[in-house]
>>> print(open('structure-v3.pdb').read())   # PDB, C-alpha atoms
ATOM      1  CA  MET E  13      75.045  92.537  91.199  1.00  0.00           C
ATOM      2  CA  THR E  14      74.481  88.799  90.941  1.00  0.00           C
ATOM      3  CA  PRO E  15      77.131  86.830  92.849  1.00  0.00           C
ATOM      4  CA  GLY E  16      78.914  84.328  90.629  1.00  0.00           C
ATOM      5  CA  ARG E  17      82.192  82.581  90.005  1.00  0.00           C
ATOM      6  CA  LYS E  18      84.355  82.072  86.954  1.00  0.00           C
ATOM      7  CA  GLN E  19      87.764  80.645  86.212  1.00  0.00           C
ATOM      8  CA  GLN E  20      90.326  82.950  84.582  1.00  0.00           C
ATOM      9  CA  GLY E  21      93.460  80.919  83.883  1.00  0.00           C
ATOM     10  CA  GLN E  22      95.116  80.149  87.218  1.00  0.00           C
ATOM     11  CA  TYR E  23      92.735  82.443  89.121  1.00  0.00           C
ATOM     12  CA  THR E  24      89.167  82.068  90.340  1.00  0.00           C
ATOM     13  CA  GLU E  25      87.139  85.284  90.196  1.00  0.00           C
ATOM     14  CA  GLU E  26      84.032  85.489  92.349  1.00  0.00           C
ATOM     15  CA  LEU E  27      81.520  88.316  92.546  1.00  0.00           C
ATOM     16  CA  VAL E  28      80.395  88.464  96.167  1.00  0.00           C
ATOM     17  CA  ALA E  29      77.806  90.195  98.331  1.00  0.00           C
ATOM     18  CA  ILE E  30      79.109  90.440 101.886  1.00  0.00           C
ATOM     19  CA  PRO E  31      76.418  90.120 104.546  1.00  0.00           C
ATOM     20  CA  PRO E  32      74.525  91.539 106.293  1.00  0.00           C
ATOM     21  CA  PHE E  33      74.433  94.636 104.071  1.00  0.00           C
ATOM     22  CA  GLY E  34      75.235  92.956 100.762  1.00  0.00           C
ATOM     23  CA  LEU E  35      78.460  94.923 100.277  1.00  0.00           C
ATOM     24  CA  GLU E  36      79.550  94.218  96.709  1.00  0.00           C
ATOM     25  CA  GLY E  37      83.011  92.958  95.911  1.00  0.00           C
ATOM     26  CA  LEU E  38      85.312  90.840  93.798  1.00  0.00           C
ATOM     27  CA  LEU E  39      87.312  88.004  95.364  1.00  0.00           C
ATOM     28  CA  VAL E  40      90.182  86.739  93.198  1.00  0.00           C
ATOM     29  CA  ARG E  41      92.125  83.682  94.311  1.00  0.00           C
ATOM     30  CA  PRO E  42      95.077  81.850  92.785  1.00  0.00           C
ATOM     31  CA  THR E  43      94.905  78.042  92.629  1.00  0.00           C
ATOM     32  CA  GLU E  44      97.003  77.728  95.788  1.00  0.00           C
ATOM     33  CA  CYS E  45      95.868  80.624  97.946  1.00  0.00           C
ATOM     34  CA  ARG E  46      98.104  81.171 100.966  1.00  0.00           C
ATOM     35  CA  ALA E  47      97.258  84.813 101.642  1.00  0.00           C
ATOM     36  CA  VAL E  48      94.473  87.229 100.707  1.00  0.00           C
ATOM     37  CA  ILE E  49      94.867  91.014 100.675  1.00  0.00           C
ATOM     38  CA  VAL E  50      91.707  92.907 101.626  1.00  0.00           C
ATOM     39  CA  PHE E  51      91.480  96.436 100.213  1.00  0.00           C
ATOM     40  CA  ALA E  52      90.144  99.396 102.174  1.00  0.00           C
ATOM     41  CA  HIS E  53      89.807 102.225  99.686  1.00  0.00           C
ATOM     42  CA  GLY E  54      89.875 105.909 100.473  1.00  0.00           C
ATOM     43  CA  SER E  55      87.201 108.569 100.417  1.00  0.00           C
ATOM     44  CA  GLY E  56      85.416 108.960  97.106  1.00  0.00           C
ATOM     45  CA  SER E  57      86.818 105.711  95.721  1.00  0.00           C
ATOM     46  CA  SER E  58      85.322 102.256  95.147  1.00  0.00           C
ATOM     47  CA  ARG E  59      86.198  98.729  94.095  1.00  0.00           C
ATOM     48  CA  HIS E  60      86.095 100.011  90.497  1.00  0.00           C
ATOM     49  CA  SER E  61      89.014 102.400  91.048  1.00  0.00           C
ATOM     50  CA  PRO E  62      91.582 101.821  88.244  1.00  0.00           C
ATOM     51  CA  ARG E  63      94.349 102.508  90.768  1.00  0.00           C
ATOM     52  CA  ASN E  64      93.115  99.868  93.209  1.00  0.00           C
ATOM     53  CA  GLN E  65      92.504  97.408  90.387  1.00  0.00           C
ATOM     54  CA  HIS E  66      96.050  97.952  89.122  1.00  0.00           C
ATOM     55  CA  VAL E  67      97.450  97.253  92.595  1.00  0.00           C
ATOM     56  CA  ALA E  68      95.217  94.181  92.996  1.00  0.00           C
ATOM     57  CA  THR E  69      96.300  92.736  89.643  1.00  0.00           C
ATOM     58  CA  ALA E  70      99.977  93.177  90.534  1.00  0.00           C
ATOM     59  CA  LEU E  71      99.480  91.473  93.909  1.00  0.00           C
ATOM     60  CA  GLN E  72      97.653  88.608  92.204  1.00  0.00           C
ATOM     61  CA  GLN E  73     100.615  88.161  89.870  1.00  0.00           C
ATOM     62  CA  ALA E  74     102.817  87.995  92.979  1.00  0.00           C
ATOM     63  CA  GLY E  75     100.729  85.061  94.235  1.00  0.00           C
ATOM     64  CA  PHE E  76      98.215  86.758  96.536  1.00  0.00           C
ATOM     65  CA  GLY E  77      94.463  86.537  96.546  1.00  0.00           C
ATOM     66  CA  THR E  78      92.654  89.889  96.673  1.00  0.00           C
ATOM     67  CA  LEU E  79      89.298  91.128  97.917  1.00  0.00           C
ATOM     68  CA  LEU E  80      88.163  94.445  96.478  1.00  0.00           C
ATOM     69  CA  PHE E  81      84.837  95.518  97.931  1.00  0.00           C
ATOM     70  CA  ASP E  82      82.796  98.634  98.618  1.00  0.00           C
ATOM     71  CA  LEU E  83      82.857  99.764 102.226  1.00  0.00           C
ATOM     72  CA  LEU E  84      79.597 101.644 101.678  1.00  0.00           C
ATOM     73  CA  MET E  85      76.408 100.662  99.905  1.00  0.00           C
ATOM     74  CA  GLU E  86      75.435 102.596  96.789  1.00  0.00           C
ATOM     75  CA  SER E  87      72.765 104.477  98.748  1.00  0.00           C
ATOM     76  CA  GLU E  88      75.379 105.573 101.303  1.00  0.00           C
ATOM     77  CA  ALA E  89      78.249 106.505  99.009  1.00  0.00           C
ATOM     78  CA  GLY E  90      77.061 110.080  98.460  1.00  0.00           C
ATOM     79  CA  ASN E  91      76.915 110.863 102.176  1.00  0.00           C
ATOM     80  CA  ARG E  92      80.157 112.694 102.984  1.00  0.00           C
ATOM     81  CA  ASN E  93      79.661 112.127 106.722  1.00  0.00           C
ATOM     82  CA  LEU E  94      79.753 108.361 106.164  1.00  0.00           C
ATOM     83  CA  VAL E  95      82.700 108.585 103.773  1.00  0.00           C
ATOM     84  CA  PHE E  96      84.790 110.021 106.623  1.00  0.00           C
ATOM     85  CA  ASP E  97      83.277 107.914 109.424  1.00  0.00           C
ATOM     86  CA  ILE E  98      86.381 105.880 110.269  1.00  0.00           C
ATOM     87  CA  GLU E  99      84.650 103.772 112.941  1.00  0.00           C
ATOM     88  CA  LEU E 100      81.876 102.798 110.510  1.00  0.00           C
ATOM     89  CA  LEU E 101      84.370 101.964 107.752  1.00  0.00           C
ATOM     90  CA  ALA E 102      86.376  99.859 110.199  1.00  0.00           C
ATOM     91  CA  GLU E 103      83.238  97.967 111.224  1.00  0.00           C
ATOM     92  CA  ARG E 104      82.498  97.203 107.575  1.00  0.00           C
ATOM     93  CA  LEU E 105      86.070  96.045 107.069  1.00  0.00           C
ATOM     94  CA  MET E 106      85.787  93.730 110.079  1.00  0.00           C
ATOM     95  CA  LEU E 107      82.547  92.295 108.658  1.00  0.00           C
ATOM     96  CA  ALA E 108      84.325  91.572 105.388  1.00  0.00           C
ATOM     97  CA  THR E 109      87.286  90.035 107.219  1.00  0.00           C
ATOM     98  CA  SER E 110      85.038  87.766 109.263  1.00  0.00           C
ATOM     99  CA  TRP E 111      83.104  86.757 106.143  1.00  0.00           C
ATOM    100  CA  LEU E 112      86.348  85.986 104.303  1.00  0.00           C
ATOM    101  CA  SER E 113      87.704  83.894 107.184  1.00  0.00           C
ATOM    102  CA  HIS E 114      84.566  81.748 107.236  1.00  0.00           C
ATOM    103  CA  ARG E 115      84.321  81.664 103.441  1.00  0.00           C
ATOM    104  CA  MET E 116      87.844  80.230 103.141  1.00  0.00           C
ATOM    105  CA  GLU E 117      88.168  78.369 106.435  1.00  0.00           C
ATOM    106  CA  ARG E 118      89.158  75.128 104.692  1.00  0.00           C
ATOM    107  CA  VAL E 119      92.344  76.683 103.308  1.00  0.00           C
ATOM    108  CA  ALA E 120      92.797  79.214 106.155  1.00  0.00           C
ATOM    109  CA  PRO E 121      94.840  81.822 104.253  1.00  0.00           C
ATOM    110  CA  ARG E 122      96.755  84.582 105.958  1.00  0.00           C
ATOM    111  CA  ILE E 123      95.019  87.972 105.667  1.00  0.00           C
ATOM    112  CA  GLY E 124      96.568  91.352 104.934  1.00  0.00           C
ATOM    113  CA  TYR E 125      95.074  94.842 104.652  1.00  0.00           C
ATOM    114  CA  PHE E 126      95.929  97.339 101.913  1.00  0.00           C
ATOM    115  CA  GLY E 127      94.527 100.755 102.817  1.00  0.00           C
ATOM    116  CA  ALA E 128      94.611 104.090 101.019  1.00  0.00           C
ATOM    117  CA  SER E 129      93.752 107.545 102.362  1.00  0.00           C
ATOM    118  CA  THR E 130      90.946 107.226 104.961  1.00  0.00           C
ATOM    119  CA  GLY E 131      90.804 103.485 104.221  1.00  0.00           C
ATOM    120  CA  ALA E 132      94.209 103.127 105.861  1.00  0.00           C
ATOM    121  CA  ALA E 133      92.812 104.554 109.093  1.00  0.00           C
ATOM    122  CA  ALA E 134      89.883 102.131 108.899  1.00  0.00           C
ATOM    123  CA  ALA E 135      92.330  99.248 108.376  1.00  0.00           C
ATOM    124  CA  LEU E 136      94.308 100.236 111.485  1.00  0.00           C
ATOM    125  CA  VAL E 137      91.190 100.599 113.623  1.00  0.00           C
ATOM    126  CA  ALA E 138      89.973  97.184 112.461  1.00  0.00           C
ATOM    127  CA  ALA E 139      93.403  95.658 113.102  1.00  0.00           C
ATOM    128  CA  SER E 140      93.424  97.045 116.643  1.00  0.00           C
ATOM    129  CA  GLN E 141      90.552  94.751 117.630  1.00  0.00           C
ATOM    130  CA  PRO E 142      91.757  91.762 119.681  1.00  0.00           C
ATOM    131  CA  ASP E 143      90.049  89.171 117.468  1.00  0.00           C
ATOM    132  CA  CYS E 144      91.226  90.601 114.137  1.00  0.00           C
ATOM    133  CA  PRO E 145      93.218  87.949 112.197  1.00  0.00           C
ATOM    134  CA  VAL E 146      95.145  90.376 109.986  1.00  0.00           C
ATOM    135  CA  GLY E 147      98.837  89.544 109.733  1.00  0.00           C
ATOM    136  CA  ALA E 148     100.229  92.590 107.901  1.00  0.00           C
ATOM    137  CA  ILE E 149      99.100  96.067 106.843  1.00  0.00           C
ATOM    138  CA  VAL E 150     100.180  98.388 104.044  1.00  0.00           C
ATOM    139  CA  SER E 151      99.056 102.005 103.892  1.00  0.00           C
ATOM    140  CA  ARG E 152      99.522 103.913 100.604  1.00  0.00           C
ATOM    141  CA  GLY E 153      99.128 107.647 100.902  1.00  0.00           C
ATOM    142  CA  GLY E 154      97.152 106.882 104.023  1.00  0.00           C
ATOM    143  CA  ARG E 155      95.902 108.870 106.974  1.00  0.00           C
ATOM    144  CA  PRO E 156      96.940 106.664 109.908  1.00  0.00           C
ATOM    145  CA  ASP E 157      96.603 109.698 112.172  1.00  0.00           C
ATOM    146  CA  LEU E 158      92.810 109.372 111.834  1.00  0.00           C
ATOM    147  CA  ALA E 159      93.006 105.999 113.640  1.00  0.00           C
ATOM    148  CA  GLY E 160      93.659 107.954 116.831  1.00  0.00           C
ATOM    149  CA  ALA E 161      93.612 105.895 120.016  1.00  0.00           C
ATOM    150  CA  ALA E 162      93.684 102.635 118.025  1.00  0.00           C
ATOM    151  CA  LEU E 163      97.288 103.168 116.905  1.00  0.00           C
ATOM    152  CA  PRO E 164      99.061 101.771 120.017  1.00  0.00           C
ATOM    153  CA  LEU E 165      96.792  98.700 119.938  1.00  0.00           C
ATOM    154  CA  VAL E 166      97.793  97.540 116.452  1.00  0.00           C
ATOM    155  CA  THR E 167     100.063  94.490 116.563  1.00  0.00           C
ATOM    156  CA  ALA E 168     100.267  93.601 112.845  1.00  0.00           C
ATOM    157  CA  PRO E 169     103.472  94.752 111.077  1.00  0.00           C
ATOM    158  CA  THR E 170     102.587  97.980 109.267  1.00  0.00           C
ATOM    159  CA  LEU E 171     104.219  99.622 106.239  1.00  0.00           C
ATOM    160  CA  LEU E 172     103.416 103.286 105.599  1.00  0.00           C
ATOM    161  CA  ILE E 173     104.103 104.299 101.983  1.00  0.00           C
ATOM    162  CA  VAL E 174     104.044 108.038 101.284  1.00  0.00           C
ATOM    163  CA  GLY E 175     105.126 110.173  98.340  1.00  0.00           C
ATOM    164  CA  SER E 176     107.998 112.567  99.000  1.00  0.00           C
ATOM    165  CA  LEU E 177     105.942 115.438  97.536  1.00  0.00           C
ATOM    166  CA  ASP E 178     102.915 114.649  99.725  1.00  0.00           C
ATOM    167  CA  ARG E 179     104.466 116.703 102.491  1.00  0.00           C
ATOM    168  CA  GLU E 180     101.485 117.253 104.789  1.00  0.00           C
ATOM    169  CA  VAL E 181     100.499 113.567 104.745  1.00  0.00           C
ATOM    170  CA  LEU E 182     104.157 112.600 105.205  1.00  0.00           C
ATOM    171  CA  GLY E 183     104.259 114.638 108.410  1.00  0.00           C
ATOM    172  CA  LEU E 184     101.004 113.076 109.633  1.00  0.00           C
ATOM    173  CA  ASN E 185     102.403 109.589 108.991  1.00  0.00           C
ATOM    174  CA  ARG E 186     105.518 110.382 111.002  1.00  0.00           C
ATOM    175  CA  GLN E 187     103.349 111.613 113.874  1.00  0.00           C
ATOM    176  CA  ALA E 188     101.223 108.449 113.731  1.00  0.00           C
ATOM    177  CA  MET E 189     104.318 106.234 113.803  1.00  0.00           C
ATOM    178  CA  ALA E 190     105.328 107.754 117.120  1.00  0.00           C
ATOM    179  CA  HIS E 191     102.190 106.267 118.679  1.00  0.00           C
ATOM    180  CA  MET E 192     102.569 102.766 117.211  1.00  0.00           C
ATOM    181  CA  HIS E 193     104.233  99.909 119.090  1.00  0.00           C
ATOM    182  CA  CYS E 194     104.150  97.226 116.364  1.00  0.00           C
ATOM    183  CA  THR E 195     106.802  96.646 113.700  1.00  0.00           C
ATOM    184  CA  THR E 196     106.436  99.777 111.573  1.00  0.00           C
ATOM    185  CA  LYS E 197     108.293 101.185 108.590  1.00  0.00           C
ATOM    186  CA  LEU E 198     107.915 104.445 106.680  1.00  0.00           C
ATOM    187  CA  GLN E 199     108.721 104.032 102.982  1.00  0.00           C
ATOM    188  CA  ILE E 200     109.048 107.276 101.021  1.00  0.00           C
ATOM    189  CA  VAL E 201     108.617 107.122  97.236  1.00  0.00           C
ATOM    190  CA  GLN E 202     110.623 109.919  95.687  1.00  0.00           C
ATOM    191  CA  GLY E 203     108.800 112.241  93.295  1.00  0.00           C
ATOM    192  CA  ALA E 204     105.334 110.976  94.195  1.00  0.00           C
ATOM    193  CA  THR E 205     102.364 113.094  95.200  1.00  0.00           C
ATOM    194  CA  HIS E 206      99.308 111.905  97.146  1.00  0.00           C
ATOM    195  CA  LEU E 207      97.735 109.733  94.426  1.00  0.00           C
ATOM    196  CA  PHE E 208     101.033 108.370  93.032  1.00  0.00           C
ATOM    197  CA  GLU E 209     100.074 109.564  89.560  1.00  0.00           C
ATOM    198  CA  GLU E 210     103.654 110.279  88.482  1.00  0.00           C
ATOM    199  CA  PRO E 211     105.129 107.722  86.037  1.00  0.00           C
ATOM    200  CA  GLY E 212     106.460 104.646  87.822  1.00  0.00           C
ATOM    201  CA  THR E 213     105.643 105.792  91.350  1.00  0.00           C
ATOM    202  CA  LEU E 214     102.589 103.570  91.853  1.00  0.00           C
ATOM    203  CA  ASP E 215     104.533 100.545  90.648  1.00  0.00           C
ATOM    204  CA  GLN E 216     107.279 101.383  93.142  1.00  0.00           C
ATOM    205  CA  ALA E 217     104.657 101.462  95.896  1.00  0.00           C
ATOM    206  CA  ILE E 218     103.309  98.110  94.713  1.00  0.00           C
ATOM    207  CA  GLY E 219     106.798  96.621  94.848  1.00  0.00           C
ATOM    208  CA  HIS E 220     107.258  97.761  98.447  1.00  0.00           C
ATOM    209  CA  ALA E 221     103.792  96.432  99.380  1.00  0.00           C
ATOM    210  CA  SER E 222     104.397  93.061  97.752  1.00  0.00           C
ATOM    211  CA  THR E 223     107.729  92.657  99.550  1.00  0.00           C
ATOM    212  CA  TRP E 224     106.133  93.560 102.886  1.00  0.00           C
ATOM    213  CA  PHE E 225     103.242  91.144 102.461  1.00  0.00           C
ATOM    214  CA  SER E 226     105.545  88.358 101.256  1.00  0.00           C
ATOM    215  CA  HIS E 227     107.812  88.739 104.268  1.00  0.00           C
ATOM    216  CA  HIS E 228     105.153  89.071 106.942  1.00  0.00           C
ATOM    217  CA  LEU E 229     102.466  86.765 105.535  1.00  0.00           C
ATOM    218  CA  LEU E 230     104.196  84.105 103.457  1.00  0.00           C
ATOM    219  CA  GLN E 231     107.660  83.835 104.990  1.00  0.00           C
ATOM    220  CA  SER E 232     106.274  84.052 108.533  1.00  0.00           C
ATOM    221  CA  GLU E 233     103.849  81.268 107.583  1.00  0.00           C
ATOM    222  CA  ALA E 234     106.766  79.068 106.545  1.00  0.00           C
ATOM    223  CA  ALA E 235     108.533  79.837 109.835  1.00  0.00           C
ATOM    224  CA  ASP E 236     105.489  78.549 111.733  1.00  0.00           C
ATOM    225  CA  VAL E 237     105.829  75.086 110.208  1.00  0.00           C
ATOM    226  CA  PRO E 238     107.971  72.775 112.367  1.00  0.00           C
ATOM    227  CA  GLY E 239     111.157  71.655 110.631  1.00  0.00           C
TER     228      GLY E 239
END
>>> encode(input="structure-v3.pdb", output="structure tokens")
Amino acid sequence: MTPGRKQQGQYTEELVAIPPFGLEGLLVRPTECRAVIVFAHGSGSSRHSPRNQHVATALQQAGFGTLLFDLLMESEAGNRNLVFDIELLAERLMLATSWLSHRMERVAPRIGYFGASTGAAAALVAASQPDCPVGAIVSRGGRPDLAGAALPLVTAPTLLIVGSLDREVLGLNRQAMAHMHCTTKLQIVQGATHLFEEPGTLDQAIGHASTWFSHHLLQSEAADVPG
């Protein structure tokens, strides 16, 4: 991939290679970028996932910037041990977050995490670090239970979105919530299974995510400005 930038209407699209490993990604920013949502995809997925791209496009239309990137290099993606190495994935997410903060330091946008499956656990582990700047987290069909001891250390408001038919994961999310001390909400999407493939269910999840990010990233930003 050759990093490059192009203008698409009111958005700037930039192919990026995040150091030091050259993790490939796509950074999309609206003209006035106040918040960027960083995606942490689940096992077996990538930045090319149609589901993640659909979510990213919807968040862009709601006024957010998005960073879709691969947590693993192409040579690593086939290693199942790495795919489920939550600590490694969290480290890669923190690298991307640090890169993004420096890349956009002039506009200093708020940062949110959108995690799915094992990516949600990586997002929570990354957010538990004391120097992590993330201001809000959304987990869709996530496995927050895999974040383990990091759960009580997360301070960013966290929304857990789970399908009503994804019963095992729903139970694991409820268990994880019991260990979290931050503002946390469990949002159940009726009729949805793990991948939210049922008609309309993914869009419902996107609506909940957009509302959460707007409240905790954009409205909280406005509250920080002296009147």
>>> residues_around(input="structure-v3.pdb", residues="Glu209 of chain E", least_positions_apart="6", cutoff="12 Å", atoms="all atoms listed in the file", output="count of residues only")
11
>>> resolve_selection(input="structure-v3.pdb", expression="the PyMOL selection byres ((chain E and resi 71-77) around 7)", output="PyMOL selection string")
chain E and resi 40-42+45+47-49+67-70+78+222
>>> resolve_selection(input="structure-v3.pdb", expression="the PyMOL selection byres ((chain E and resi 51) around 10)", output="ChimeraX atom specification")
/E:48-50,52-54,58-59,64-65,67-68,78-83,105,124-128,131-132,135,150
>>> write_last_selection(input="structure-v3.pdb", atoms="C-alpha atoms", output="JSON list (two decimals), in the frame of the given file")
[["chain", "number", "residue", "atom", "x", "y", "z"],
["E", 48, "VAL", "CA", 94.47, 87.23, 100.71],
["E", 49, "ILE", "CA", 94.87, 91.01, 100.68],
["E", 50, "VAL", "CA", 91.71, 92.91, 101.63],
["E", 52, "ALA", "CA", 90.14, 99.40, 102.17],
["E", 53, "HIS", "CA", 89.81, 102.22, 99.69],
["E", 54, "GLY", "CA", 89.88, 105.91, 100.47],
["E", 58, "SER", "CA", 85.32, 102.26, 95.15],
["E", 59, "ARG", "CA", 86.20, 98.73, 94.10],
["E", 64, "ASN", "CA", 93.12, 99.87, 93.21],
["E", 65, "GLN", "CA", 92.50, 97.41, 90.39],
["E", 67, "VAL", "CA", 97.45, 97.25, 92.60],
["E", 68, "ALA", "CA", 95.22, 94.18, 93.00],
["E", 78, "THR", "CA", 92.65, 89.89, 96.67],
["E", 79, "LEU", "CA", 89.30, 91.13, 97.92],
["E", 80, "LEU", "CA", 88.16, 94.44, 96.48],
["E", 81, "PHE", "CA", 84.84, 95.52, 97.93],
["E", 82, "ASP", "CA", 82.80, 98.63, 98.62],
["E", 83, "LEU", "CA", 82.86, 99.76, 102.23],
["E", 105, "LEU", "CA", 86.07, 96.04, 107.07],
["E", 124, "GLY", "CA", 96.57, 91.35, 104.93],
["E", 125, "TYR", "CA", 95.07, 94.84, 104.65],
["E", 126, "PHE", "CA", 95.93, 97.34, 101.91],
["E", 127, "GLY", "CA", 94.53, 100.76, 102.82],
["E", 128, "ALA", "CA", 94.61, 104.09, 101.02],
["E", 131, "GLY", "CA", 90.80, 103.48, 104.22],
["E", 132, "ALA", "CA", 94.21, 103.13, 105.86],
["E", 135, "ALA", "CA", 92.33, 99.25, 108.38],
["E", 150, "VAL", "CA", 100.18, 98.39, 104.04]]
>>> atom_distance(input="structure-v3.pdb", atom1="atom CA of Phe33 of chain E", atom2="atom CA of Arg46 of chain E")
27.4 Å
>>> atom_distance(input="structure-v3.pdb", atom1="atom CA of Leu184 of chain E", atom2="atom CA of Leu171 of chain E")
14.2 Å
>>> axis_aligned_box(input="structure-v3.pdb", around="segment 95-113 of chain E", padding_each_side="5 Å", output="lines of an AutoDock Vina configuration file")
center_x = 84.8
center_y = 97.0
center_z = 108.4
size_x = 15.8
size_y = 36.1
size_z = 19.2
>>> closest_residue(input="structure-v3.pdb", among="E:Leu229, E:Trp111, E:Gln199, E:Asp157", to="Glu180 of chain E", atoms="all atoms listed in the file")
E:Asp157
>>> atom_distance(input="structure-v3.pdb", atom1="atom CA of Pro31 of chain E", atom2="atom CA of Ala108 of chain E")
8.1 Å
>>> closest_residue(input="structure-v3.pdb", among="E:Leu27, E:Thr195, E:Ile98, E:Ser113", to="Ala159 of chain E", atoms="all atoms listed in the file")
E:Ile98
>>> closest_residue(input="structure-v3.pdb", among="E:Gln187, E:Leu163, E:Tyr23, E:Arg122", to="Ser226 of chain E", atoms="all atoms listed in the file")
E:Arg122
>>> resolve_selection(input="structure-v3.pdb", expression="the PyMOL selection byres ((chain E and resi 97) around 12)", output="JSON, numbers by chain")
{"E": [54, 55, 83, 84, 88, 89, 91, 92, 93, 94, 95, 96, 98, 99, 100, 101, 102, 103, 104, 130, 131, 133, 134, 137, 158, 159]}
>>> closest_residue(input="structure-v3.pdb", among="E:Gly154, E:Gly183, E:Gly212, E:Pro142", to="Ala168 of chain E", atoms="only C-alpha atoms")
E:Pro142
>>> decode(input="structure-v3.pdb", residues="segment 64-70 of chain E", atoms="all heavy atoms", output="short mmCIF file (atom, residue, chain, number, x, y, z; two decimals), in the first residue's frame")
data_model
loop_
_atom_site.label_atom_id
_atom_site.label_comp_id
_atom_site.auth_asym_id
_atom_site.auth_seq_id
_atom_site.Cartn_x
_atom_site.Cartn_y
_atom_site.Cartn_z
N ASN E 64 -17.69 -3.52 8.88
CA ASN E 64 -16.99 -2.39 9.49
C ASN E 64 -17.05 -1.15 8.59
O ASN E 64 -17.19 -0.02 9.07
CB ASN E 64 -15.52 -2.75 9.76
CG ASN E 64 -15.36 -3.60 11.01
OD1 ASN E 64 -16.23 -3.63 11.87
ND2 ASN E 64 -14.25 -4.30 11.09
N GLN E 65 -16.93 -1.36 7.29
CA GLN E 65 -16.99 -0.22 6.37
C GLN E 65 -18.37 0.42 6.38
O GLN E 65 -18.49 1.65 6.29
CB GLN E 65 -16.61 -0.68 4.96
CG GLN E 65 -15.14 -1.05 4.82
CD GLN E 65 -14.78 -1.47 3.41
OE1 GLN E 65 -15.63 -1.61 2.54
NE2 GLN E 65 -13.49 -1.67 3.16
N HIS E 66 -19.40 -0.39 6.52
CA HIS E 66 -20.77 0.14 6.60
C HIS E 66 -20.93 1.00 7.86
O HIS E 66 -21.50 2.10 7.81
CB HIS E 66 -21.77 -1.01 6.60
CG HIS E 66 -23.20 -0.58 6.72
ND1 HIS E 66 -23.87 0.10 5.72
CD2 HIS E 66 -24.09 -0.71 7.74
CE1 HIS E 66 -25.11 0.35 6.11
NE2 HIS E 66 -25.27 -0.12 7.33
N VAL E 67 -20.41 0.49 8.99
CA VAL E 67 -20.49 1.25 10.24
C VAL E 67 -19.70 2.54 10.11
O VAL E 67 -20.16 3.62 10.52
CB VAL E 67 -19.96 0.40 11.41
CG1 VAL E 67 -19.94 1.24 12.69
CG2 VAL E 67 -20.82 -0.84 11.62
N ALA E 68 -18.49 2.46 9.54
CA ALA E 68 -17.64 3.65 9.40
C ALA E 68 -18.31 4.71 8.55
O ALA E 68 -18.30 5.90 8.89
CB ALA E 68 -16.29 3.26 8.81
N THR E 69 -18.92 4.30 7.44
CA THR E 69 -19.59 5.26 6.56
C THR E 69 -20.73 5.96 7.28
O THR E 69 -20.91 7.18 7.16
CB THR E 69 -20.12 4.55 5.31
OG1 THR E 69 -19.03 3.99 4.57
CG2 THR E 69 -20.88 5.51 4.40
N ALA E 70 -21.49 5.20 8.06
CA ALA E 70 -22.61 5.79 8.81
C ALA E 70 -22.10 6.79 9.85
O ALA E 70 -22.69 7.86 10.03
CB ALA E 70 -23.44 4.70 9.47
#
